[in-house]
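For reference, query_23.txt (compact mmCIF, C-alpha atoms):
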```
# COMPACT_ATOMS: atom_id res chain seq x y z
CA MET A 1 17.76 -6.11 -112.41
CA ASP A 2 20.76 -6.96 -114.59
CA ASP A 3 19.69 -7.17 -118.22
CA ARG A 4 22.51 -8.65 -120.29
CA THR A 5 20.34 -9.54 -123.31
CA TYR A 6 19.40 -5.96 -124.20
CA GLU A 7 20.47 -4.68 -127.59
CA PRO A 8 19.78 -0.95 -128.00
CA PRO A 9 18.13 0.04 -131.28
CA GLU A 10 20.47 1.04 -134.06
CA PRO A 11 19.99 4.81 -134.39
CA ASP A 12 19.70 6.43 -137.78
CA ARG A 13 21.34 9.73 -138.64
CA ALA A 14 18.47 11.70 -137.15
CA GLY A 15 18.66 9.67 -133.93
CA THR A 16 22.42 10.16 -133.65
CA ALA A 17 22.10 13.91 -134.26
CA LEU A 18 19.36 14.09 -131.61
CA ARG A 19 21.64 12.50 -129.01
CA TYR A 20 24.37 15.02 -129.72
CA LEU A 21 21.83 17.83 -129.56
CA CYS A 22 20.79 16.60 -126.12
CA ALA A 23 24.35 17.21 -124.94
CA ALA A 24 24.44 20.71 -126.46
CA PRO A 25 22.30 22.69 -123.91
CA THR A 26 24.50 21.77 -120.94
CA MET A 27 27.68 22.44 -122.91
CA LEU A 28 26.36 25.80 -124.12
CA PHE A 29 25.38 26.77 -120.57
CA TYR A 30 28.83 26.04 -119.19
CA GLY A 31 30.44 27.53 -122.30
CA ALA A 32 28.59 30.79 -121.72
CA THR A 33 29.77 30.71 -118.10
CA LEU A 34 33.36 30.26 -119.26
CA VAL A 35 33.03 33.18 -121.69
CA TRP A 36 31.80 35.40 -118.86
CA MET A 37 34.65 34.21 -116.65
CA VAL A 38 37.32 34.88 -119.29
CA ALA A 39 35.81 38.30 -119.96
CA HIS A 40 36.25 39.22 -116.30
CA TYR A 41 39.37 37.16 -115.59
CA PRO A 42 41.55 37.00 -118.73
CA ASP A 43 44.22 34.99 -116.91
CA ARG A 44 41.84 31.99 -116.85
CA LEU A 45 41.74 31.66 -120.65
CA THR A 46 43.97 28.56 -120.63
CA THR A 47 41.75 26.85 -118.04
CA ALA A 48 38.63 27.67 -120.08
CA LEU A 49 40.14 26.33 -123.29
CA ALA A 50 41.16 23.12 -121.53
CA ASP A 51 37.63 22.78 -120.14
CA VAL A 52 36.12 23.14 -123.62
CA ALA A 53 38.68 20.76 -125.14
CA LEU A 54 37.80 18.06 -122.60
CA GLY A 55 34.08 18.62 -123.34
CA VAL A 56 34.71 18.16 -127.07
CA ALA A 57 36.72 15.03 -126.27
CA GLY A 58 33.69 13.73 -124.36
CA LEU A 59 31.57 14.29 -127.46
CA VAL A 60 34.02 12.28 -129.55
CA VAL A 61 34.18 9.42 -127.03
CA MET A 62 30.37 9.39 -126.86
CA TRP A 63 30.31 7.91 -130.39
CA TRP A 64 31.24 4.45 -129.00
CA ARG A 65 28.63 4.37 -126.20
CA ARG A 66 26.57 1.61 -127.89
CA ARG A 67 29.53 -0.77 -128.15
CA TRP A 68 31.01 -0.07 -124.71
CA PRO A 69 28.26 1.62 -122.69
CA TRP A 70 29.73 1.53 -119.18
CA GLN A 71 33.33 2.08 -120.28
CA VAL A 72 32.40 5.19 -122.28
CA ALA A 73 30.21 6.51 -119.46
CA LEU A 74 33.05 5.97 -116.98
CA VAL A 75 35.61 7.82 -119.14
CA ILE A 76 33.34 10.82 -119.75
CA VAL A 77 32.31 10.98 -116.07
CA LEU A 78 36.00 11.13 -115.15
CA LEU A 79 36.37 14.09 -117.52
CA THR A 80 33.75 15.99 -115.47
CA ALA A 81 36.28 16.16 -112.61
CA PHE A 82 38.28 18.60 -114.75
CA SER A 83 35.67 19.98 -117.18
CA ASP A 84 32.23 21.45 -116.65
CA THR A 85 31.35 21.24 -120.36
CA ALA A 86 31.96 17.47 -120.25
CA ASN A 87 28.74 17.20 -118.22
CA GLY A 88 26.77 17.42 -121.48
CA PRO A 89 28.13 14.25 -123.10
CA ALA A 90 28.30 12.62 -119.63
CA GLN A 91 24.52 13.01 -119.26
CA VAL A 92 23.86 11.35 -122.64
CA ALA A 93 26.31 8.52 -121.95
CA TYR A 94 24.86 7.94 -118.46
CA VAL A 95 21.26 7.81 -119.74
CA SER A 96 22.38 5.36 -122.43
CA LEU A 97 23.98 3.21 -119.70
CA CYS A 98 20.78 3.30 -117.61
CA THR A 99 18.76 1.93 -120.52
CA HIS A 100 20.72 -1.33 -120.14
CA ARG A 101 19.45 -1.71 -116.53
CA ARG A 102 22.74 -3.20 -115.34
CA TRP A 103 22.93 -1.94 -111.78
CA ARG A 104 26.42 -3.29 -111.18
CA GLN A 105 27.57 -0.78 -113.78
CA ILE A 106 25.10 2.05 -113.13
CA VAL A 107 25.77 2.41 -109.39
CA PRO A 108 29.60 2.74 -109.65
CA VAL A 109 29.37 5.22 -112.51
CA ALA A 110 26.73 7.28 -110.66
CA ALA A 111 28.82 7.25 -107.47
CA LEU A 112 31.95 8.32 -109.36
CA TRP A 113 30.05 11.13 -111.10
CA TRP A 114 28.75 12.40 -107.73
CA LEU A 115 32.24 12.29 -106.25
CA CYS A 116 33.61 14.22 -109.23
CA LEU A 117 30.84 16.79 -108.78
CA ALA A 118 31.50 17.07 -105.05
CA GLY A 119 35.26 17.32 -105.47
CA ARG A 120 35.03 19.99 -108.16
CA SER A 121 32.44 21.99 -106.21
CA ALA A 122 34.37 21.85 -102.92
CA TRP A 123 37.78 22.53 -104.48
CA ASN A 124 37.84 26.05 -103.14
CA GLY A 125 36.05 25.24 -99.88
CA VAL A 126 32.53 24.34 -98.77
CA THR A 127 30.22 27.30 -99.13
CA GLN A 128 26.52 27.82 -99.66
CA PRO A 129 26.89 27.77 -103.48
CA THR A 130 28.77 24.47 -103.08
CA VAL A 131 25.84 22.95 -101.17
CA VAL A 132 23.36 24.24 -103.76
CA THR A 133 25.48 22.78 -106.56
CA LEU A 134 25.67 19.39 -104.80
CA VAL A 135 21.92 19.27 -104.16
CA THR A 136 21.14 20.33 -107.72
CA GLY A 137 23.64 17.87 -109.19
CA THR A 138 22.26 15.03 -107.04
CA ALA A 139 18.71 15.83 -108.20
CA VAL A 140 19.85 15.93 -111.83
CA LEU A 141 21.66 12.61 -111.40
CA GLY A 142 18.54 11.02 -109.95
CA GLY A 143 16.40 12.46 -112.71
CA LEU A 144 18.73 11.13 -115.40
CA THR A 145 18.60 7.68 -113.79
CA VAL A 146 14.79 7.67 -113.78
CA PHE A 147 14.70 8.97 -117.34
CA GLY A 148 17.08 6.26 -118.56
CA LEU A 149 14.98 3.52 -116.92
CA TYR A 150 11.79 5.06 -118.33
CA LEU A 151 13.33 5.22 -121.79
CA ARG A 152 14.19 1.52 -121.59
CA THR A 153 10.64 0.67 -120.46
CA TRP A 154 9.22 2.73 -123.32
CA ARG A 155 11.46 0.93 -125.82
CA ASP A 156 10.42 -2.45 -124.44
CA LEU A 157 6.76 -1.49 -124.72
CA ALA A 158 7.22 -0.25 -128.30
CA ALA A 159 9.10 -3.44 -129.22
CA SER A 160 6.35 -5.53 -127.62
CA ARG A 161 3.67 -3.69 -129.57
CA ASN A 162 5.60 -4.05 -132.82
CA GLU A 163 6.08 -7.76 -132.20
CA ALA A 164 2.39 -8.16 -131.36
CA ALA A 165 1.49 -6.36 -134.59
CA ARG A 166 3.84 -8.58 -136.61
CA THR A 167 2.44 -11.68 -134.91
CA ALA A 168 -1.13 -10.58 -135.60
CA GLU A 169 -0.22 -9.92 -139.24
CA ARG A 170 1.38 -13.35 -139.58
CA GLU A 171 -1.64 -15.00 -137.97
CA GLN A 172 -4.00 -13.10 -140.25
CA LEU A 173 -2.01 -14.19 -143.32
CA GLN A 174 -2.11 -17.78 -142.06
CA ARG A 175 -5.88 -17.56 -141.51
CA ILE A 176 -6.35 -16.13 -145.00
CA GLU A 177 -4.21 -18.89 -146.50
CA ARG A 178 -6.14 -21.55 -144.57
CA ALA A 179 -9.40 -19.99 -145.77
CA ARG A 180 -8.19 -20.10 -149.37
CA LEU A 181 -7.09 -23.71 -149.06
CA ALA A 182 -10.36 -24.70 -147.40
CA GLU A 183 -12.35 -22.95 -150.13
CA ARG A 184 -10.35 -24.72 -152.84
CA VAL A 185 -10.92 -28.04 -151.10
CA ARG A 186 -14.65 -27.39 -151.01
CA ILE A 187 -14.63 -26.46 -154.70
CA ALA A 188 -12.70 -29.65 -155.54
CA GLN A 189 -15.20 -31.69 -153.56
CA GLU A 190 -18.07 -30.11 -155.46
CA MET A 191 -16.46 -30.85 -158.81
CA HIS A 192 -15.71 -34.49 -158.08
CA ASP A 193 -19.23 -35.81 -158.52
CA VAL A 194 -19.85 -33.74 -161.65
CA LEU A 195 -16.65 -34.87 -163.35
CA ALA A 196 -17.34 -38.49 -162.44
CA HIS A 197 -20.84 -38.14 -163.86
CA ARG A 198 -19.58 -36.60 -167.11
CA ILE A 199 -16.86 -39.20 -167.59
CA SER A 200 -19.22 -42.09 -166.89
CA LEU A 201 -21.61 -40.71 -169.52
CA LEU A 202 -18.76 -40.46 -172.01
CA ALA A 203 -17.77 -44.07 -171.31
CA MET A 204 -21.33 -45.28 -171.72
CA LEU A 205 -21.93 -43.39 -174.97
CA ALA A 206 -18.59 -44.44 -176.41
CA GLY A 207 -19.28 -48.06 -175.45
CA GLY A 208 -22.58 -47.91 -177.27
CA LEU A 209 -20.85 -46.79 -180.44
CA ALA A 210 -18.21 -49.50 -180.10
CA TYR A 211 -20.45 -52.51 -179.43
CA ARG A 212 -23.78 -51.68 -181.10
CA GLY A 213 -23.84 -52.38 -184.80
CA ASP A 214 -27.55 -51.77 -185.31
CA LEU A 215 -27.45 -47.98 -184.91
CA THR A 216 -28.77 -45.89 -187.77
CA PRO A 217 -26.64 -43.01 -189.10
CA GLU A 218 -28.90 -40.51 -187.33
CA GLU A 219 -28.56 -42.37 -184.01
CA THR A 220 -24.80 -42.55 -184.45
CA ARG A 221 -24.64 -38.83 -185.19
CA ALA A 222 -26.79 -38.00 -182.14
CA THR A 223 -24.57 -40.17 -179.92
CA ALA A 224 -21.44 -38.48 -181.26
CA LEU A 225 -22.93 -35.05 -180.62
CA ALA A 226 -23.78 -36.12 -177.07
CA ILE A 227 -20.19 -37.29 -176.55
CA GLN A 228 -18.89 -33.99 -177.91
CA GLU A 229 -21.17 -31.94 -175.63
CA ASN A 230 -20.26 -33.94 -172.53
CA ALA A 231 -16.56 -33.73 -173.36
CA HIS A 232 -16.89 -29.96 -173.76
CA GLN A 233 -18.65 -29.64 -170.40
CA SER A 234 -16.04 -31.87 -168.76
CA MET A 235 -13.21 -29.71 -170.04
CA ASN A 236 -14.88 -26.52 -168.77
CA GLU A 237 -15.39 -27.99 -165.32
CA LEU A 238 -11.89 -29.49 -165.25
CA ARG A 239 -10.31 -26.09 -165.95
CA ALA A 240 -12.07 -24.68 -162.91
CA VAL A 241 -10.64 -27.35 -160.64
CA LEU A 242 -7.02 -27.45 -161.87
CA GLY A 243 -4.60 -26.23 -159.23
CA THR A 244 -6.92 -27.11 -156.34
CA LEU A 245 -5.76 -30.68 -155.77
CA ARG A 246 -6.92 -32.07 -152.44
CA ARG A 247 -4.66 -33.67 -149.85
CA ASP A 248 -7.30 -35.70 -148.08
CA GLY A 249 -9.54 -38.39 -149.46
CA GLY A 250 -12.93 -37.46 -148.02
CA LEU A 251 -15.82 -36.53 -150.27
CA GLU A 252 -18.90 -34.41 -149.68
CA ALA A 253 -22.39 -34.88 -150.97
CA PRO A 254 -23.31 -33.21 -154.29
CA GLN A 255 -23.63 -29.45 -153.84
CA PRO A 256 -26.82 -27.47 -154.52
CA ALA A 257 -27.24 -25.00 -157.37
CA LEU A 258 -28.98 -21.68 -157.91
CA ALA A 259 -32.31 -23.45 -158.28
CA GLN A 260 -32.21 -24.17 -154.53
CA VAL A 261 -31.90 -20.49 -153.53
CA GLU A 262 -35.58 -20.36 -152.60
CA ALA A 263 -35.07 -23.29 -150.24
CA LEU A 264 -32.07 -21.49 -148.75
CA LEU A 265 -34.14 -18.36 -148.19
CA GLU A 266 -36.90 -20.35 -146.49
CA GLU A 267 -34.29 -21.91 -144.23
CA VAL A 268 -32.69 -18.63 -143.13
CA ARG A 269 -36.07 -16.95 -142.73
CA ALA A 270 -37.21 -19.79 -140.53
CA ALA A 271 -34.10 -19.18 -138.42
CA GLY A 272 -35.11 -15.54 -137.97
CA GLN A 273 -33.07 -13.70 -140.58
CA ARG A 274 -35.02 -11.06 -142.47
CA VAL A 275 -34.23 -11.28 -146.18
CA GLU A 276 -35.81 -9.57 -149.16
CA MET A 277 -35.02 -11.27 -152.47
CA ASP A 278 -35.50 -9.73 -155.92
CA ASP A 279 -34.94 -12.61 -158.35
CA ALA A 280 -34.93 -11.44 -161.98
CA VAL A 281 -32.80 -14.17 -163.57
CA GLN A 282 -34.00 -15.03 -167.08
CA ARG A 283 -33.61 -18.45 -168.71
CA ARG A 284 -32.30 -19.97 -165.48
CA ASP A 285 -32.34 -23.39 -167.14
CA LEU A 286 -29.49 -22.28 -169.45
CA LEU A 287 -27.18 -21.30 -166.60
CA PRO A 288 -24.06 -23.57 -166.58
CA ALA A 289 -24.00 -26.04 -163.70
CA GLN A 290 -20.73 -24.82 -162.20
CA THR A 291 -21.85 -21.17 -162.36
CA ALA A 292 -25.12 -22.12 -160.66
CA ARG A 293 -23.20 -23.86 -157.86
CA HIS A 294 -20.89 -20.90 -157.35
CA ALA A 295 -23.84 -18.49 -157.36
CA TYR A 296 -25.65 -20.53 -154.71
CA ARG A 297 -22.59 -20.62 -152.45
CA ILE A 298 -21.97 -16.89 -152.92
CA VAL A 299 -25.53 -16.06 -151.87
CA GLN A 300 -25.22 -18.44 -148.92
CA GLU A 301 -21.93 -16.93 -147.72
CA ALA A 302 -23.19 -13.36 -148.20
CA LEU A 303 -26.23 -14.10 -146.01
CA THR A 304 -23.93 -15.71 -143.45
CA ASN A 305 -21.72 -12.61 -143.36
CA ALA A 306 -24.75 -10.37 -142.93
CA ARG A 307 -26.03 -12.59 -140.14
CA LYS A 308 -22.62 -12.44 -138.42
CA HIS A 309 -21.88 -8.73 -138.74
CA ALA A 310 -25.41 -7.26 -138.71
CA PRO A 311 -27.59 -9.64 -136.67
CA GLY A 312 -31.27 -8.81 -136.76
CA SER A 313 -30.92 -6.39 -139.68
CA ARG A 314 -32.88 -6.58 -142.88
CA VAL A 315 -30.85 -7.98 -145.77
CA THR A 316 -31.58 -7.15 -149.41
CA ALA A 317 -30.51 -9.55 -152.15
CA GLU A 318 -30.79 -9.17 -155.92
CA LEU A 319 -30.26 -11.77 -158.63
CA ARG A 320 -30.21 -10.53 -162.20
CA GLY A 321 -28.90 -11.82 -165.47
CA ARG A 322 -29.49 -13.71 -168.67
CA PRO A 323 -27.40 -15.56 -171.25
CA GLY A 324 -24.84 -13.29 -172.89
CA GLN A 325 -25.02 -10.58 -170.19
CA GLY A 326 -23.74 -12.50 -167.19
CA LEU A 327 -25.14 -13.13 -163.74
CA ARG A 328 -25.12 -10.41 -161.08
CA ILE A 329 -25.49 -11.05 -157.36
CA ARG A 330 -25.93 -8.03 -155.10
CA VAL A 331 -26.39 -8.38 -151.33
CA SER A 332 -26.53 -5.46 -148.90
CA ASN A 333 -27.11 -5.02 -145.18
CA PRO A 334 -26.86 -2.15 -142.67
CA VAL A 335 -23.49 -1.50 -141.03
CA PRO A 336 -24.00 -1.26 -137.24
CA SER A 337 -21.92 1.54 -135.75
CA GLY A 338 -19.24 0.53 -133.25
CA THR A 339 -19.54 -3.18 -134.02
CA ALA A 340 -16.23 -4.98 -134.43
CA ALA A 341 -15.81 -8.07 -136.56
CA GLY A 342 -15.75 -11.28 -134.59
CA PRO A 343 -13.19 -14.08 -134.78
CA GLY A 344 -12.19 -14.79 -138.34
CA GLY A 345 -13.34 -11.37 -139.47
CA ARG A 346 -13.08 -10.78 -143.26
CA LEU A 347 -12.32 -14.44 -143.94
CA GLY A 348 -15.80 -14.74 -145.44
CA LEU A 349 -14.82 -12.12 -148.01
CA VAL A 350 -11.63 -14.04 -148.71
CA GLY A 351 -13.66 -17.20 -149.44
CA LEU A 352 -16.09 -15.26 -151.63
CA ALA A 353 -13.23 -13.69 -153.58
CA GLU A 354 -11.58 -17.07 -154.10
CA ARG A 355 -14.81 -18.69 -155.30
CA THR A 356 -15.57 -15.77 -157.59
CA ARG A 357 -12.09 -15.94 -159.08
CA MET A 358 -12.46 -19.69 -159.69
CA ALA A 359 -15.72 -18.97 -161.51
CA GLY A 360 -14.02 -16.35 -163.70
CA GLY A 361 -16.02 -13.47 -162.24
CA THR A 362 -15.36 -10.25 -160.37
CA ILE A 363 -16.25 -9.13 -156.86
CA SER A 364 -16.41 -5.74 -155.17
CA HIS A 365 -17.64 -4.50 -151.81
CA THR A 366 -18.13 -1.05 -150.33
CA VAL A 367 -20.03 0.86 -147.66
CA ARG A 368 -22.61 3.17 -149.18
CA ASP A 369 -25.19 5.23 -147.27
CA GLY A 370 -24.63 3.22 -144.12
CA ARG A 371 -25.00 -0.15 -145.84
CA PHE A 372 -22.42 -2.77 -146.73
CA VAL A 373 -22.89 -3.67 -150.40
CA LEU A 374 -21.44 -6.83 -151.94
CA ASP A 375 -21.51 -6.99 -155.74
CA VAL A 376 -20.51 -10.17 -157.63
CA ARG A 377 -20.61 -10.62 -161.39
CA LEU A 378 -20.24 -14.07 -162.93
CA PRO A 379 -19.85 -14.87 -166.65
CA TRP A 380 -22.80 -16.42 -168.49
CA GLU A 381 -22.18 -17.04 -172.15
CA ALA A 382 -25.03 -17.11 -174.61
```

Please express the file's structure as structure tokens.
Amino acid sequence: MDDRTYEPPEPDRAGTALRYLCAAPTMLFYGATLVWMVAHYPDRLTTALADVALGVAGLVVMWWRRRWPWQVALVIVLLTAFSDTANGPAQVAYVSLCTHRRWRQIVPVAALWWLCLAGRSAWNGVTQPTVVTLVTGTAVLGGLTVFGLYLRTWRDLAASRNEAARTAEREQLQRIERARLAERVRIAQEMHDVLAHRISLLAMLAGGLAYRGDLTPEETRATALAIQENAHQSMNELRAVLGTLRRDGGLEAPQPALAQVEALLEEVRAAGQRVEMDDAVQRRDLLPAQTARHAYRIVQEALTNARKHAPGSRVTAELRGRPGQGLRIRVSNPVPSGTAAGPGGRLGLVGLAERTRMAGGTISHTVRDGRFVLDVRLPWEA
């Protein structure tokens, strides 16, 4: 396999230092051998110094192994014909070359290294130590080749995992963005009918003032107050929908409100979901229409999430609030152990958070005593 598209990772300072440290054990071993030799044969001091100098030169040349992998490996391998200490940087350069998986380069360099080893070992004749050195060197050469290929495989696997993680993160961000857009579209669809209703009422009331001359002052004042109230409600509902312009032209039917929660509970109970509801909302008739719609959808989505992530479990829901203190929605369900979220996991929470934000409220969720607890608070002015 000849991989010409491989770009080795750019090492940091720690990685560069590690590569030089990998060359150190072999150089220290041969350096210690040279010290012993000079101690017993002082006349070989010049040869030992030359050996060490060539080894240091190999370390210097090793710096350019990323830019010219096979050229650097070839030069350092040639140094091993004259220097034992050069085997340290030669090993690092050869492993680096093997990570490229270019056999047309690996095989010649490996063959040259073996020839240098054989020539240096047999310089003074073929003896038993020469054979042992050749066998050991051949085994080391094979091990370095396998290690270099393994290192490349490990890098490819790590790169594949990193790319998969980045892809999954991008896909999750896209799913979250699509969920937000879809939730905003649904909110815009819900607001359309209400705004149209409010504006048509304003037009009708204003037309009555313009064309009817028989109205008494009290009737005129009542009509003006009605126009003022409807205009105020229209502005409140329009603020909630600004920034969520729709791109398509389809419309949905008018959305239910909190008053239909009982019907929702009957529906889910009929489908088999076990739900206990504690409804303690006071003066429900004073709850603003848009808050009632958001509250209904939040309860609906919370029950859907519980049905998805804890099927068959008993769900507890609480509705509390009154004018001036806000509306609180609390839904909890058991958390099954070892159960992973299905496709689109956590997107329900994204939709709930977006709807809560549009309503001007706050949302929190936690796991407490083995139960997943969702807590939503919506404003309810007196």

Checklist line | Surrounding residues of region 348-357 of chain A excluding itself and chain neighbours under 2 positions, 10 Å, all atoms listed in the file, as a ChimeraX atom specification | finding: /A:175-184,186-187,240,291,294-295,297-299,301-302,304-305,344-346,359-365,374,376-378

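Distances here use all atoms listed in the file; by that measure, the residue among A:Val331, A:Trp63, A:Gly88, A:Leu78 closest to Cys116 (chain A) is A:Leu78.
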
Next item on the list: May I have the residues within 12 Å of Ala292 (chain A) as a list of chain:residue names, using all atoms listed in the file and disregarding those fewer than 5 positions away in the same chain?
Entry: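 These residues fall inside the cut-off: A:Glu190, A:Gln255, A:Pro256, A:Ala257, A:Leu258, A:Ala259, A:Gln260, A:Val261, A:Val281, A:Arg284, A:Asp285, A:Leu286, A:Leu287, A:Arg297, A:Ile298, A:Val299, A:Leu319, A:Gly321, A:Gly326, A:Leu327, A:Arg328, A:Ile329, A:Thr356, A:Ala359, A:Leu378, A:Pro379, A:Trp380.
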
Next item on the list: List the neighbours of Leu21 (chain A) out to 12 Å using only C-alpha atoms; skip same-chain residues closer than 5 positions along the sequence, and give me the result as a list in words.
Entry: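 Non-adjacent residues within range: Ala14, Gly15, Thr16, Thr26, Met27, Leu28, Leu59, Gly88, Pro89, Gln91 and Val92 of chain A.
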
Item checked: Two-atom distance - CA of Trp70 (chain A), CA of Arg13 (chain A) (Å) ->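 Separation of CA of Trp70 (chain A) and CA of Arg13 (chain A): 22.7 Å.
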
Margin query: Ranking A:Glu381, A:Asp51, A:Asp279, A:Asp375 by minimum distance to Gln325 (chain A) and counting only C-alpha atoms, which one comes first?
Written below: A:Glu381

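Counting from CA of Arg66 (chain A), the distance to CA of Val140 (chain A) is 22.5 Å.
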
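Going from CA of Met62 (chain A) over to CA of Leu97 (chain A), you cover 11.4 Å.
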
Next item on the list: For Leu151 (chain A), work out the shell of residues within 9 Å, counting all atoms listed in the file and skipping chain neighbours fewer than 3 positions away, then give it as a ChimeraX atom specification.
Entry: /A:95,98-99,146-148,154-156

Margin query: Given the point (-33.6, -13.5, -142.1) in the coordinates of this file, which residues lie within 6 Å, counting only C-alpha atoms, and how would they look as a list of chain:residue names?
Written below: A:Val268, A:Arg269, A:Gly272, A:Gln273, A:Arg274, A:Val275

Next item on the list: Name all residues at most 12 Å from region 119-121 of chain A (count only C-alpha atoms; drop same-chain ones fewer than 3 positions away) and give them as an MDAnalysis selection string.
Entry: chainID A and resid 78:84 112:116 124:137

Next item on the list: Compare A:Gln282, A:Ser313, A:Leu45, A:Thr366 by their minimum atom-to-atom distance to Ala382 (chain A), counting all atoms listed in the file, and give me the closest one.
Entry: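 Ranked by minimum distance to Ala382 (chain A), first place goes to A:Gln282.
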
Next item on the list: Compare A:Glu169, A:Asp369, A:Glu262, A:Glu267 by their minimum atom-to-atom distance to Ala317 (chain A), counting all atoms listed in the file, and give me the closest one.
Entry: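 Answer, going by the shortest atom-to-atom distance: A:Glu262.
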
Next item on the list: Find, counting only C-alpha atoms, the residue in A:Ala86, A:Met37, A:Val72, A:Arg170 that gets nearest to Gly55 (chain A).
Entry: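 Checking each candidate against Gly55 (chain A), we get A:Ala86 as the closest.
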
Please define a box with edges along x, y and z of the file around all atoms of region 72-82 of chain A given in the file, extend it by 5 Å on each side, and return its centre and edge lengths in Å to one decimal, as JSON.
```
{"center_x": 34.2, "center_y": 11.9, "center_z": -117.4, "size_x": 18.1, "size_y": 23.4, "size_z": 19.7}
```

Next item on the list: Could you give me, as a ChimeraX atom specification, the residues that sit within 9 Å of (-18.1, -41.4, -176.6) in the file's coordinates, counting only C-alpha atoms?
Entry: /A:201-210,223-228,230-231

Margin query: Nearest residue to Arg65 (chain A) out of A:Leu173, A:Ala93, A:Leu34, A:Met235, using all atoms listed in the file?
Written below: A:Ala93

Please return region 368-381 of chain A, rebuilt to N, CA and C atoms, as a PDB file, in the coordinates of the input.
```pdb
ATOM      1  N   ARG A 368     -21.937   2.066-148.510  1.00  0.00           N
ATOM      2  CA  ARG A 368     -22.610   3.170-149.180  1.00  0.00           C
ATOM      3  C   ARG A 368     -23.898   3.496-148.431  1.00  0.00           C
ATOM      4  N   ASP A 369     -23.997   4.765-147.986  1.00  0.00           N
ATOM      5  CA  ASP A 369     -25.190   5.230-147.270  1.00  0.00           C
ATOM      6  C   ASP A 369     -25.487   4.360-146.054  1.00  0.00           C
ATOM      7  N   GLY A 370     -24.440   3.993-145.338  1.00  0.00           N
ATOM      8  CA  GLY A 370     -24.630   3.220-144.120  1.00  0.00           C
ATOM      9  C   GLY A 370     -24.912   1.754-144.331  1.00  0.00           C
ATOM     10  N   ARG A 371     -24.730   1.262-145.556  1.00  0.00           N
ATOM     11  CA  ARG A 371     -25.000  -0.150-145.840  1.00  0.00           C
ATOM     12  C   ARG A 371     -23.758  -0.765-146.487  1.00  0.00           C
ATOM     13  N   PHE A 372     -23.493  -2.007-146.101  1.00  0.00           N
ATOM     14  CA  PHE A 372     -22.420  -2.770-146.730  1.00  0.00           C
ATOM     15  C   PHE A 372     -22.986  -3.445-147.966  1.00  0.00           C
ATOM     16  N   VAL A 373     -22.370  -3.184-149.118  1.00  0.00           N
ATOM     17  CA  VAL A 373     -22.890  -3.670-150.400  1.00  0.00           C
ATOM     18  C   VAL A 373     -21.853  -4.613-151.003  1.00  0.00           C
ATOM     19  N   LEU A 374     -22.280  -5.842-151.272  1.00  0.00           N
ATOM     20  CA  LEU A 374     -21.440  -6.830-151.940  1.00  0.00           C
ATOM     21  C   LEU A 374     -21.982  -7.038-153.348  1.00  0.00           C
ATOM     22  N   ASP A 375     -21.112  -6.907-154.349  1.00  0.00           N
ATOM     23  CA  ASP A 375     -21.510  -6.990-155.740  1.00  0.00           C
ATOM     24  C   ASP A 375     -20.631  -8.016-156.448  1.00  0.00           C
ATOM     25  N   VAL A 376     -21.247  -9.097-156.946  1.00  0.00           N
ATOM     26  CA  VAL A 376     -20.510 -10.170-157.630  1.00  0.00           C
ATOM     27  C   VAL A 376     -21.076 -10.312-159.031  1.00  0.00           C
ATOM     28  N   ARG A 377     -20.200 -10.406-160.005  1.00  0.00           N
ATOM     29  CA  ARG A 377     -20.610 -10.620-161.390  1.00  0.00           C
ATOM     30  C   ARG A 377     -19.923 -11.880-161.921  1.00  0.00           C
ATOM     31  N   LEU A 378     -20.746 -12.796-162.421  1.00  0.00           N
ATOM     32  CA  LEU A 378     -20.240 -14.070-162.930  1.00  0.00           C
ATOM     33  C   LEU A 378     -20.517 -14.144-164.430  1.00  0.00           C
ATOM     34  N   PRO A 379     -19.633 -14.754-165.213  1.00  0.00           N
ATOM     35  CA  PRO A 379     -19.850 -14.870-166.650  1.00  0.00           C
ATOM     36  C   PRO A 379     -20.972 -15.846-166.974  1.00  0.00           C
ATOM     37  N   TRP A 380     -21.723 -15.544-168.030  1.00  0.00           N
ATOM     38  CA  TRP A 380     -22.800 -16.420-168.490  1.00  0.00           C
ATOM     39  C   TRP A 380     -22.882 -16.243-169.993  1.00  0.00           C
ATOM     40  N   GLU A 381     -22.234 -17.151-170.691  1.00  0.00           N
ATOM     41  CA  GLU A 381     -22.180 -17.040-172.150  1.00  0.00           C
ATOM     42  C   GLU A 381     -23.521 -17.428-172.764  1.00  0.00           C
TER      43      GLU A 381
END
```
